[in-house]
file target12.cif (mmCIF, C-alpha atoms and all ligand atoms)
data_structure
loop_
_atom_site.group_PDB
_atom_site.id
_atom_site.type_symbol
_atom_site.label_atom_id
_atom_site.label_comp_id
_atom_site.auth_asym_id
_atom_site.auth_seq_id
_atom_site.Cartn_x
_atom_site.Cartn_y
_atom_site.Cartn_z
ATOM 1 C CA MET T 1 -19.900 15.825 9.771
ATOM 2 C CA LEU T 2 -18.099 13.203 7.723
ATOM 3 C CA GLN T 3 -15.237 14.218 5.474
ATOM 4 C CA ILE T 4 -13.437 11.760 3.229
ATOM 5 C CA ASP T 5 -9.953 12.282 1.815
ATOM 6 C CA ALA T 6 -7.542 10.091 -0.116
ATOM 7 C CA LEU T 7 -4.032 9.596 1.241
ATOM 8 C CA PRO T 8 -1.845 8.503 -1.692
ATOM 9 C CA ALA T 9 0.406 5.475 -1.136
ATOM 10 C CA PHE T 10 2.881 3.586 -3.325
ATOM 11 C CA ASN T 11 2.426 4.323 -7.059
ATOM 12 C CA ASP T 12 -1.317 4.393 -7.434
ATOM 13 C CA ASN T 13 -2.981 3.325 -4.168
ATOM 14 C CA TYR T 14 -5.349 5.477 -2.133
ATOM 15 C CA ILE T 15 -5.846 5.017 1.591
ATOM 16 C CA TRP T 16 -9.310 6.433 2.265
ATOM 17 C CA LEU T 17 -9.430 8.561 5.403
ATOM 18 C CA LEU T 18 -12.892 9.004 6.932
ATOM 19 C CA GLN T 19 -13.051 11.911 9.335
ATOM 20 C CA ASP T 20 -15.704 12.647 11.937
ATOM 21 C CA THR T 21 -14.943 16.366 12.149
ATOM 22 C CA THR T 22 -17.133 16.867 15.247
ATOM 23 C CA GLN T 23 -15.542 14.151 17.385
ATOM 24 C CA MET T 24 -12.100 14.469 15.749
ATOM 25 C CA ARG T 25 -12.016 10.739 15.215
ATOM 26 C CA CYS T 26 -11.016 9.073 11.978
ATOM 27 C CA ALA T 27 -10.852 5.694 10.267
ATOM 28 C CA VAL T 28 -8.762 4.423 7.360
ATOM 29 C CA VAL T 29 -9.517 1.859 4.675
ATOM 30 C CA ASP T 30 -6.747 -0.461 3.424
ATOM 31 C CA PRO T 31 -3.588 1.176 4.794
ATOM 32 C CA GLY T 32 -0.963 -0.659 2.751
ATOM 33 C CA ASP T 33 1.575 1.743 4.224
ATOM 34 C CA ALA T 34 1.433 3.242 7.734
ATOM 35 C CA ALA T 35 3.591 6.276 6.895
ATOM 36 C CA PRO T 36 1.000 8.489 5.119
ATOM 37 C CA VAL T 37 -1.529 7.861 7.918
ATOM 38 C CA LEU T 38 0.981 8.550 10.704
ATOM 39 C CA ALA T 39 2.078 11.726 8.882
ATOM 40 C CA TRP T 40 -1.545 12.894 8.680
ATOM 41 C CA LEU T 41 -2.098 12.211 12.391
ATOM 42 C CA GLU T 42 1.069 14.139 13.230
ATOM 43 C CA GLN T 43 -0.150 17.099 11.164
ATOM 44 C CA HIS T 44 -3.578 16.967 12.851
ATOM 45 C CA PRO T 45 -2.990 17.034 16.611
ATOM 46 C CA GLY T 46 -5.976 16.020 18.726
ATOM 47 C CA TRP T 47 -7.291 13.543 16.155
ATOM 48 C CA VAL T 48 -7.692 9.882 17.106
ATOM 49 C CA LEU T 49 -7.493 6.994 14.648
ATOM 50 C CA SER T 50 -10.236 4.717 15.953
ATOM 51 C CA ASP T 51 -10.745 2.137 13.209
ATOM 52 C CA ILE T 52 -8.920 0.350 10.397
ATOM 53 C CA LEU T 53 -11.094 -1.310 7.741
ATOM 54 C CA ILE T 54 -9.577 -3.969 5.477
ATOM 55 C CA THR T 55 -11.089 -5.313 2.259
ATOM 56 C CA HIS T 56 -8.647 -8.124 1.402
ATOM 57 C CA HIS T 57 -5.266 -9.599 2.248
ATOM 58 C CA HIS T 58 -2.958 -8.178 -0.464
ATOM 59 C CA PHE T 59 0.150 -6.429 0.856
ATOM 60 C CA ASP T 60 -0.720 -3.053 -0.667
ATOM 61 C CA HIS T 61 -3.871 -3.054 1.480
ATOM 62 C CA VAL T 62 -2.607 -4.493 4.791
ATOM 63 C CA ASP T 63 1.117 -3.829 5.216
ATOM 64 C CA GLY T 64 0.558 -0.730 7.366
ATOM 65 C CA VAL T 65 -1.969 -2.349 9.689
ATOM 66 C CA ALA T 66 0.292 -3.792 12.392
ATOM 67 C CA GLN T 67 2.279 -0.575 12.787
ATOM 68 C CA LEU T 68 -0.823 1.623 12.842
ATOM 69 C CA HIS T 69 -2.550 -0.642 15.341
ATOM 70 C CA ALA T 70 0.520 -0.690 17.601
ATOM 71 C CA HIS T 71 0.778 3.099 17.392
ATOM 72 C CA THR T 72 -2.882 4.052 17.878
ATOM 73 C CA ASN T 73 -4.675 0.958 19.228
ATOM 74 C CA ALA T 74 -7.247 1.472 16.453
ATOM 75 C CA LYS T 75 -9.685 -1.405 16.057
ATOM 76 C CA VAL T 76 -8.882 -3.635 13.080
ATOM 77 C CA TRP T 77 -11.790 -5.006 11.039
ATOM 78 C CA GLY T 78 -11.271 -7.439 8.183
ATOM 79 C CA PRO T 79 -12.678 -10.308 6.143
ATOM 80 C CA ALA T 80 -13.277 -13.507 8.114
ATOM 81 C CA LEU T 81 -12.146 -15.698 5.220
ATOM 82 C CA GLU T 82 -8.652 -14.198 4.891
ATOM 83 C CA THR T 83 -5.558 -13.815 7.054
ATOM 84 C CA ILE T 84 -5.279 -10.154 8.036
ATOM 85 C CA PRO T 85 -2.512 -8.876 10.348
ATOM 86 C CA ALA T 86 -3.733 -7.713 13.777
ATOM 87 C CA ARG T 87 -7.364 -8.316 12.810
ATOM 88 C CA GLN T 88 -9.655 -8.086 15.839
ATOM 89 C CA VAL T 89 -13.080 -8.417 14.243
ATOM 90 C CA ALA T 90 -13.639 -11.031 11.529
ATOM 91 C CA LEU T 91 -16.434 -9.936 9.183
ATOM 92 C CA ASN T 92 -18.872 -12.085 7.225
ATOM 93 C CA ASP T 93 -21.375 -11.334 4.489
ATOM 94 C CA GLY T 94 -24.439 -9.421 5.645
ATOM 95 C CA GLU T 95 -23.027 -8.266 8.987
ATOM 96 C CA ARG T 96 -23.673 -4.706 10.057
ATOM 97 C CA ILE T 97 -21.055 -2.776 11.975
ATOM 98 C CA SER T 98 -20.755 0.728 13.364
ATOM 99 C CA VAL T 99 -17.690 2.822 12.566
ATOM 100 C CA LEU T 100 -17.464 6.528 13.516
ATOM 101 C CA GLY T 101 -21.161 6.254 14.378
ATOM 102 C CA LEU T 102 -21.995 5.179 10.820
ATOM 103 C CA GLU T 103 -23.552 1.845 9.995
ATOM 104 C CA PHE T 104 -21.794 -0.245 7.368
ATOM 105 C CA GLN T 105 -23.069 -3.425 5.800
ATOM 106 C CA ILE T 106 -20.533 -6.088 4.840
ATOM 107 C CA LEU T 107 -20.770 -7.505 1.311
ATOM 108 C CA LEU T 108 -18.754 -10.603 0.467
ATOM 109 C CA VAL T 109 -17.470 -9.998 -3.083
ATOM 110 C CA PRO T 110 -15.128 -12.861 -4.069
ATOM 111 C CA GLY T 111 -13.224 -12.792 -7.356
ATOM 112 C CA HIS T 112 -10.066 -10.692 -6.970
ATOM 113 C CA THR T 113 -9.470 -12.721 -3.787
ATOM 114 C CA LEU T 114 -11.786 -15.372 -2.351
ATOM 115 C CA GLY T 115 -12.612 -13.598 0.907
ATOM 116 C CA HIS T 116 -12.713 -10.010 -0.387
ATOM 117 C CA ILE T 117 -15.324 -7.834 1.340
ATOM 118 C CA ALA T 118 -16.766 -4.392 0.633
ATOM 119 C CA TYR T 119 -18.106 -1.906 3.161
ATOM 120 C CA TYR T 120 -21.413 -0.262 2.282
ATOM 121 C CA HIS T 121 -22.886 2.634 4.231
ATOM 122 C CA LEU T 122 -26.609 2.716 3.564
ATOM 123 C CA ASP T 123 -27.191 6.448 4.078
ATOM 124 C CA PRO T 124 -30.268 7.493 2.034
ATOM 125 C CA VAL T 125 -28.730 10.816 0.974
ATOM 126 C CA ALA T 126 -25.099 9.870 0.462
ATOM 127 C CA PRO T 127 -24.520 6.111 0.425
ATOM 128 C CA LEU T 128 -20.869 5.081 0.363
ATOM 129 C CA LEU T 129 -19.092 2.004 -0.922
ATOM 130 C CA PHE T 130 -15.509 1.036 -0.088
ATOM 131 C CA CYS T 131 -14.852 -1.782 -2.495
ATOM 132 C CA GLY T 132 -11.067 -2.347 -2.456
ATOM 133 C CA ASP T 133 -9.908 -4.054 -5.646
ATOM 134 C CA THR T 134 -13.289 -5.435 -6.757
ATOM 135 C CA LEU T 135 -14.973 -2.597 -8.652
ATOM 136 C CA PHE T 136 -12.635 0.045 -10.098
ATOM 137 C CA ALA T 137 -13.570 3.213 -11.934
ATOM 138 C CA ALA T 138 -14.283 1.894 -15.454
ATOM 139 C CA GLY T 139 -12.791 -1.485 -14.575
ATOM 140 C CA CYS T 140 -12.528 -4.319 -12.080
ATOM 141 C CA GLY T 141 -9.850 -6.236 -10.200
ATOM 142 C CA ARG T 142 -7.887 -9.084 -11.721
ATOM 143 C CA LEU T 143 -8.997 -12.595 -10.901
ATOM 144 C CA PHE T 144 -6.119 -13.725 -8.694
ATOM 145 C CA GLU T 145 -8.131 -16.290 -6.734
ATOM 146 C CA GLY T 146 -11.727 -16.446 -7.912
ATOM 147 C CA THR T 147 -13.519 -17.471 -11.080
ATOM 148 C CA PRO T 148 -15.105 -15.173 -13.665
ATOM 149 C CA GLU T 149 -18.523 -16.408 -12.470
ATOM 150 C CA GLN T 150 -17.744 -15.349 -8.896
ATOM 151 C CA MET T 151 -16.483 -11.918 -9.928
ATOM 152 C CA HIS T 152 -19.411 -11.352 -12.271
ATOM 153 C CA HIS T 153 -21.797 -12.184 -9.426
ATOM 154 C CA SER T 154 -19.901 -9.935 -6.992
ATOM 155 C CA LEU T 155 -19.955 -7.002 -9.426
ATOM 156 C CA GLY T 156 -23.659 -7.589 -9.921
ATOM 157 C CA ARG T 157 -24.252 -7.102 -6.193
ATOM 158 C CA LEU T 158 -22.374 -3.796 -6.278
ATOM 159 C CA ALA T 159 -24.091 -2.682 -9.492
ATOM 160 C CA ALA T 160 -27.468 -3.163 -7.771
ATOM 161 C CA LEU T 161 -26.695 -0.517 -5.119
ATOM 162 C CA PRO T 162 -28.341 2.908 -5.514
ATOM 163 C CA GLY T 163 -26.990 4.920 -8.465
ATOM 164 C CA HIS T 164 -25.862 7.793 -6.274
ATOM 165 C CA THR T 165 -23.683 5.534 -4.104
ATOM 166 C CA GLY T 166 -20.173 6.982 -3.933
ATOM 167 C CA VAL T 167 -17.650 4.400 -5.113
ATOM 168 C CA TYR T 168 -14.304 4.512 -3.281
ATOM 169 C CA CYS T 169 -11.916 1.973 -4.778
ATOM 170 C CA THR T 170 -8.259 1.581 -3.900
ATOM 171 C CA HIS T 171 -6.345 2.343 -7.091
ATOM 172 C CA GLU T 172 -5.936 5.195 -9.585
ATOM 173 C CA TYR T 173 -6.373 3.014 -12.675
ATOM 174 C CA THR T 174 -9.163 5.043 -14.244
ATOM 175 C CA LEU T 175 -7.455 6.358 -17.384
ATOM 176 C CA SER T 176 -5.984 3.016 -18.442
ATOM 177 C CA ASN T 177 -9.311 1.339 -17.659
ATOM 178 C CA LEU T 178 -11.077 3.903 -19.838
ATOM 179 C CA ARG T 179 -8.730 3.175 -22.745
ATOM 180 C CA PHE T 180 -9.879 -0.424 -22.570
ATOM 181 C CA ALA T 181 -13.521 0.671 -22.184
ATOM 182 C CA GLN T 182 -13.149 2.653 -25.406
ATOM 183 C CA ALA T 183 -11.771 -0.395 -27.215
ATOM 184 C CA VAL T 184 -14.853 -2.345 -26.110
ATOM 185 C CA GLU T 185 -17.348 0.457 -26.813
ATOM 186 C CA PRO T 186 -15.823 2.909 -29.313
ATOM 187 C CA ASN T 187 -19.217 4.563 -29.868
ATOM 188 C CA ASN T 188 -20.280 5.041 -26.236
ATOM 189 C CA PRO T 189 -20.547 8.838 -25.711
ATOM 190 C CA ASP T 190 -20.488 8.521 -21.908
ATOM 191 C CA ILE T 191 -17.112 6.788 -22.102
ATOM 192 C CA ALA T 192 -15.765 9.474 -24.463
ATOM 193 C CA ALA T 193 -16.968 12.218 -22.098
ATOM 194 C CA ARG T 194 -15.405 10.469 -19.127
ATOM 195 C CA VAL T 195 -12.068 10.089 -20.936
ATOM 196 C CA ALA T 196 -12.057 13.844 -21.591
ATOM 197 C CA GLN T 197 -12.976 14.660 -17.991
ATOM 198 C CA VAL T 198 -10.509 12.288 -16.318
ATOM 199 C CA THR T 199 -7.702 13.317 -18.703
ATOM 200 C CA GLN T 200 -8.253 16.920 -17.641
ATOM 201 C CA TRP T 201 -8.385 16.010 -13.931
ATOM 202 C CA ARG T 202 -5.193 13.933 -14.082
ATOM 203 C CA ALA T 203 -3.341 16.656 -15.991
ATOM 204 C CA ALA T 204 -4.328 19.038 -13.193
ATOM 205 C CA GLY T 205 -3.093 16.576 -10.532
ATOM 206 C CA ARG T 206 -6.601 15.720 -9.355
ATOM 207 C CA ILE T 207 -7.652 12.214 -8.457
ATOM 208 C CA SER T 208 -10.391 10.552 -10.518
ATOM 209 C CA LEU T 209 -12.332 9.226 -7.526
ATOM 210 C CA PRO T 210 -14.825 8.728 -6.037
ATOM 211 C CA SER T 211 -16.999 7.414 -8.806
ATOM 212 C CA SER T 212 -20.670 6.501 -8.532
ATOM 213 C CA ILE T 213 -22.618 3.355 -9.333
ATOM 214 C CA ALA T 214 -24.620 5.280 -11.959
ATOM 215 C CA LEU T 215 -21.453 6.439 -13.745
ATOM 216 C CA GLU T 216 -20.024 2.915 -13.640
ATOM 217 C CA LEU T 217 -23.222 1.501 -15.139
ATOM 218 C CA ARG T 218 -22.758 3.880 -18.100
ATOM 219 C CA THR T 219 -19.007 3.552 -18.618
ATOM 220 C CA ASN T 220 -17.642 0.342 -17.063
ATOM 221 C CA PRO T 221 -17.543 -2.485 -19.640
ATOM 222 C CA PHE T 222 -17.491 -5.103 -16.875
ATOM 223 C CA LEU T 223 -20.930 -3.881 -15.733
ATOM 224 C CA ARG T 224 -22.200 -3.728 -19.309
ATOM 225 C CA VAL T 225 -21.933 -7.369 -20.357
ATOM 226 C CA ASN T 226 -25.661 -7.432 -21.185
ATOM 227 C CA GLU T 227 -25.190 -4.886 -23.993
ATOM 228 C CA THR T 228 -25.319 -6.496 -27.437
ATOM 229 C CA SER T 229 -22.348 -4.505 -28.738
ATOM 230 C CA VAL T 230 -20.260 -5.530 -25.714
ATOM 231 C CA LYS T 231 -21.143 -9.191 -26.238
ATOM 232 C CA GLU T 232 -20.166 -8.914 -29.914
ATOM 233 C CA LYS T 233 -16.747 -7.483 -29.008
ATOM 234 C CA ALA T 234 -16.254 -10.222 -26.418
ATOM 235 C CA ASP T 235 -17.149 -12.826 -29.038
ATOM 236 C CA GLU T 236 -14.621 -11.304 -31.431
ATOM 237 C CA TRP T 237 -11.919 -11.477 -28.781
ATOM 238 C CA ASN T 238 -12.233 -15.180 -27.906
ATOM 239 C CA SER T 239 -13.876 -16.361 -31.147
ATOM 240 C CA LEU T 240 -16.769 -17.918 -29.234
ATOM 241 C CA ASN T 241 -20.467 -17.314 -28.890
ATOM 242 C CA ASN T 242 -20.453 -16.091 -25.294
ATOM 243 C CA ASP T 243 -24.056 -16.916 -24.575
ATOM 244 C CA SER T 244 -24.226 -15.895 -20.921
ATOM 245 C CA PRO T 245 -23.374 -12.613 -19.212
ATOM 246 C CA SER T 246 -20.680 -14.315 -17.139
ATOM 247 C CA ALA T 247 -19.114 -15.780 -20.309
ATOM 248 C CA VAL T 248 -19.021 -12.268 -21.781
ATOM 249 C CA PHE T 249 -17.459 -11.086 -18.537
ATOM 250 C CA ALA T 250 -14.820 -13.860 -18.679
ATOM 251 C CA SER T 251 -13.883 -12.930 -22.245
ATOM 252 C CA LEU T 252 -13.596 -9.219 -21.402
ATOM 253 C CA ARG T 253 -11.466 -9.974 -18.335
ATOM 254 C CA SER T 254 -9.028 -12.128 -20.321
ATOM 255 C CA TRP T 255 -8.891 -9.456 -23.047
ATOM 256 C CA LYS T 256 -8.141 -6.752 -20.471
ATOM 257 C CA ASP T 257 -5.391 -8.913 -18.917
ATOM 258 C CA GLN T 258 -3.540 -8.654 -22.244
ATOM 259 C CA PHE T 259 -4.603 -5.163 -23.242
HETATM 260 ZN ZN ZN U 301 -5.559 -6.538 -4.379
HETATM 261 FE FE FE U 302 -4.531 -3.469 -4.585
#

call {"tool": "encode", "arguments": {"input": "target12.cif", "output": "structure tokens"}}
result
Amino acid sequence: MLQIDALPAFNDNYIWLLQDTTQMRCAVVDPGDAAPVLAWLEQHPGWVLSDILITHHHFDHVDGVAQLHAHTNAKVWGPALETIPARQVALNDGERISVLGLEFQILLVPGHTLGHIAYYHLDPVAPLLFCGDTLFAAGCGRLFEGTPEQMHHSLGRLAALPGHTGVYCTHEYTLSNLRFAQAVEPNNPDIAARVAQVTQWRAAGRISLPSSIALELRTNPFLRVNETSVKEKADEWNSLNNDSPSAVFASLRSWKDQF
């Protein structure tokens, strides 16, 4: 049995903890801080941290790796194209790996950083996606290293996954992303419903994740650049005729950067 929990870190990061409850083995995704993971292991005697999965090189995703590896000897997996502390296995696009007995496919998704990868578990019933800072709930990562074209292409790969894929991103940005989504699509009822739901969850101290690909397709403006109304808003923002989906994406991303 696989159980997935979020260990909060810093202001708004989540370290995803995957637990094989039968074997009492676990894995973490993007431990930017070792302390919450070590605290969990201390509170759960008998559990072994076997794997550490990294999506990209930013400090809030990797700063706990060296300490956790030294403490547990967990295997460290990370993107081949980036410098990751204590990395033992360098991962490239299309590779398949086994973690906790589950197969994950590696997707190279440049944009936020140039070597950013996502981990996709192809389970037919409950597919899972750990996508770091690429796809967020109702948003996407900033373009620190890549171009809008690269990010648009990367998001397109994720958007093509099955609708019921669980989306596990690294930050609790959902409400502020939804405020932007509403500015782009003031008449989208799915966005309005999601704002109401997430507002209620956050007020009750609940996290807004995981999301799903289907929900993102309905409410994430960065996945909706083919919608006429979204294009028109993008055109208004940069006073251009954004005549390709990636141009619409670029306009939305620059708008969001200043929103
Ligand atoms: Zn990042
Ligand atoms: Fe981050």

call {"tool": "resolve_selection", "arguments": {"input": "target12.cif", "expression": "the PyMOL selection byres (((chain T and resi 196-204) around 12) and not hetatm)", "output": "list in words"}}
result
Ala137, Ala138, Glu172, Tyr173, Thr174, Leu175, Ser176, Asn177, Leu178, Arg179, Gln182, Pro189, Asp190, Ile191, Ala192, Ala193, Arg194, Val195, Gly205, Arg206, Ile207, Ser208, Leu209, Pro210 and Ser211 of chain T

call {"tool": "residues_near_ligand", "arguments": {"input": "target12.cif", "ligand": "ligand FE 302 (chain U)", "cutoff": "10 Å", "atoms": "only C-alpha atoms and all ligand atoms", "output": "mmCIF file with C-alpha atoms, keeping the file's coordinate frame"}}
result
data_model
loop_
_atom_site.group_PDB
_atom_site.id
_atom_site.type_symbol
_atom_site.label_atom_id
_atom_site.label_comp_id
_atom_site.auth_asym_id
_atom_site.auth_seq_id
_atom_site.Cartn_x
_atom_site.Cartn_y
_atom_site.Cartn_z
ATOM 1 C CA ASP T 12 -1.317 4.393 -7.434
ATOM 2 C CA ASN T 13 -2.981 3.325 -4.168
ATOM 3 C CA TYR T 14 -5.349 5.477 -2.133
ATOM 4 C CA ASP T 30 -6.747 -0.461 3.424
ATOM 5 C CA GLY T 32 -0.963 -0.659 2.751
ATOM 6 C CA THR T 55 -11.089 -5.313 2.259
ATOM 7 C CA HIS T 56 -8.647 -8.124 1.402
ATOM 8 C CA HIS T 57 -5.266 -9.599 2.248
ATOM 9 C CA HIS T 58 -2.958 -8.178 -0.464
ATOM 10 C CA PHE T 59 0.150 -6.429 0.856
ATOM 11 C CA ASP T 60 -0.720 -3.053 -0.667
ATOM 12 C CA HIS T 61 -3.871 -3.054 1.480
ATOM 13 C CA VAL T 62 -2.607 -4.493 4.791
ATOM 14 C CA HIS T 112 -10.066 -10.692 -6.970
ATOM 15 C CA GLY T 132 -11.067 -2.347 -2.456
ATOM 16 C CA ASP T 133 -9.908 -4.054 -5.646
ATOM 17 C CA THR T 134 -13.289 -5.435 -6.757
ATOM 18 C CA GLY T 141 -9.850 -6.236 -10.200
ATOM 19 C CA ARG T 142 -7.887 -9.084 -11.721
ATOM 20 C CA CYS T 169 -11.916 1.973 -4.778
ATOM 21 C CA THR T 170 -8.259 1.581 -3.900
ATOM 22 C CA HIS T 171 -6.345 2.343 -7.091
#

call {"tool": "atom_distance", "arguments": {"input": "target12.cif", "atom1": "CA of Arg96 (chain T)", "atom2": "CA of Trp47 (chain T)"}}
result
25.3 Å

call {"tool": "resolve_selection", "arguments": {"input": "target12.cif", "expression": "the PyMOL selection byres (((chain T and resi 234) around 10) and not hetatm)", "output": "tab-separated table (two decimals) with C-alpha atoms, in the frame of the given file"}}
result
chain	number	residue	atom	x	y	z
T	184	VAL	CA	-14.85	-2.35	-26.11
T	225	VAL	CA	-21.93	-7.37	-20.36
T	228	THR	CA	-25.32	-6.50	-27.44
T	229	SER	CA	-22.35	-4.50	-28.74
T	230	VAL	CA	-20.26	-5.53	-25.71
T	231	LYS	CA	-21.14	-9.19	-26.24
T	232	GLU	CA	-20.17	-8.91	-29.91
T	233	LYS	CA	-16.75	-7.48	-29.01
T	235	ASP	CA	-17.15	-12.83	-29.04
T	236	GLU	CA	-14.62	-11.30	-31.43
T	237	TRP	CA	-11.92	-11.48	-28.78
T	238	ASN	CA	-12.23	-15.18	-27.91
T	239	SER	CA	-13.88	-16.36	-31.15
T	240	LEU	CA	-16.77	-17.92	-29.23
T	241	ASN	CA	-20.47	-17.31	-28.89
T	242	ASN	CA	-20.45	-16.09	-25.29
T	247	ALA	CA	-19.11	-15.78	-20.31
T	248	VAL	CA	-19.02	-12.27	-21.78
T	249	PHE	CA	-17.46	-11.09	-18.54
T	250	ALA	CA	-14.82	-13.86	-18.68
T	251	SER	CA	-13.88	-12.93	-22.24
T	252	LEU	CA	-13.60	-9.22	-21.40
T	253	ARG	CA	-11.47	-9.97	-18.34
T	254	SER	CA	-9.03	-12.13	-20.32
T	255	TRP	CA	-8.89	-9.46	-23.05

call {"tool": "resolve_selection", "arguments": {"input": "target12.cif", "expression": "the PyMOL selection byres (((chain T and resi 109) around 9) and not hetatm)", "output": "list in words"}}
result
Asp93, Leu107, Leu108, Pro110, Gly111, His112, Thr113, Leu114, Gly115, His116, Ile117, Ala118, Cys131, Thr134, Gln150, Met151, His153, Ser154, Leu155, Arg157 and Leu158 of chain T

call {"tool": "write_last_selection", "arguments": {"input": "target12.cif", "atoms": "C-alpha atoms", "output": "PDB file, in the coordinates of the input"}}
result
ATOM      1  CA  ASP T  93     -21.375 -11.334   4.489  1.00  0.00           C
ATOM      2  CA  LEU T 107     -20.770  -7.505   1.311  1.00  0.00           C
ATOM      3  CA  LEU T 108     -18.754 -10.603   0.467  1.00  0.00           C
ATOM      4  CA  PRO T 110     -15.128 -12.861  -4.069  1.00  0.00           C
ATOM      5  CA  GLY T 111     -13.224 -12.792  -7.356  1.00  0.00           C
ATOM      6  CA  HIS T 112     -10.066 -10.692  -6.970  1.00  0.00           C
ATOM      7  CA  THR T 113      -9.470 -12.721  -3.787  1.00  0.00           C
ATOM      8  CA  LEU T 114     -11.786 -15.372  -2.351  1.00  0.00           C
ATOM      9  CA  GLY T 115     -12.612 -13.598   0.907  1.00  0.00           C
ATOM     10  CA  HIS T 116     -12.713 -10.010  -0.387  1.00  0.00           C
ATOM     11  CA  ILE T 117     -15.324  -7.834   1.340  1.00  0.00           C
ATOM     12  CA  ALA T 118     -16.766  -4.392   0.633  1.00  0.00           C
ATOM     13  CA  CYS T 131     -14.852  -1.782  -2.495  1.00  0.00           C
ATOM     14  CA  THR T 134     -13.289  -5.435  -6.757  1.00  0.00           C
ATOM     15  CA  GLN T 150     -17.744 -15.349  -8.896  1.00  0.00           C
ATOM     16  CA  MET T 151     -16.483 -11.918  -9.928  1.00  0.00           C
ATOM     17  CA  HIS T 153     -21.797 -12.184  -9.426  1.00  0.00           C
ATOM     18  CA  SER T 154     -19.901  -9.935  -6.992  1.00  0.00           C
ATOM     19  CA  LEU T 155     -19.955  -7.002  -9.426  1.00  0.00           C
ATOM     20  CA  ARG T 157     -24.252  -7.102  -6.193  1.00  0.00           C
ATOM     21  CA  LEU T 158     -22.374  -3.796  -6.278  1.00  0.00           C
TER      22      LEU T 158
END

call {"tool": "closest_residue", "arguments": {"input": "target12.cif", "among": "T:Leu223, T:Gly139, T:Gly46, T:Val28", "to": "Val99 (chain T)", "atoms": "only C-alpha atoms"}}
result
T:Val28
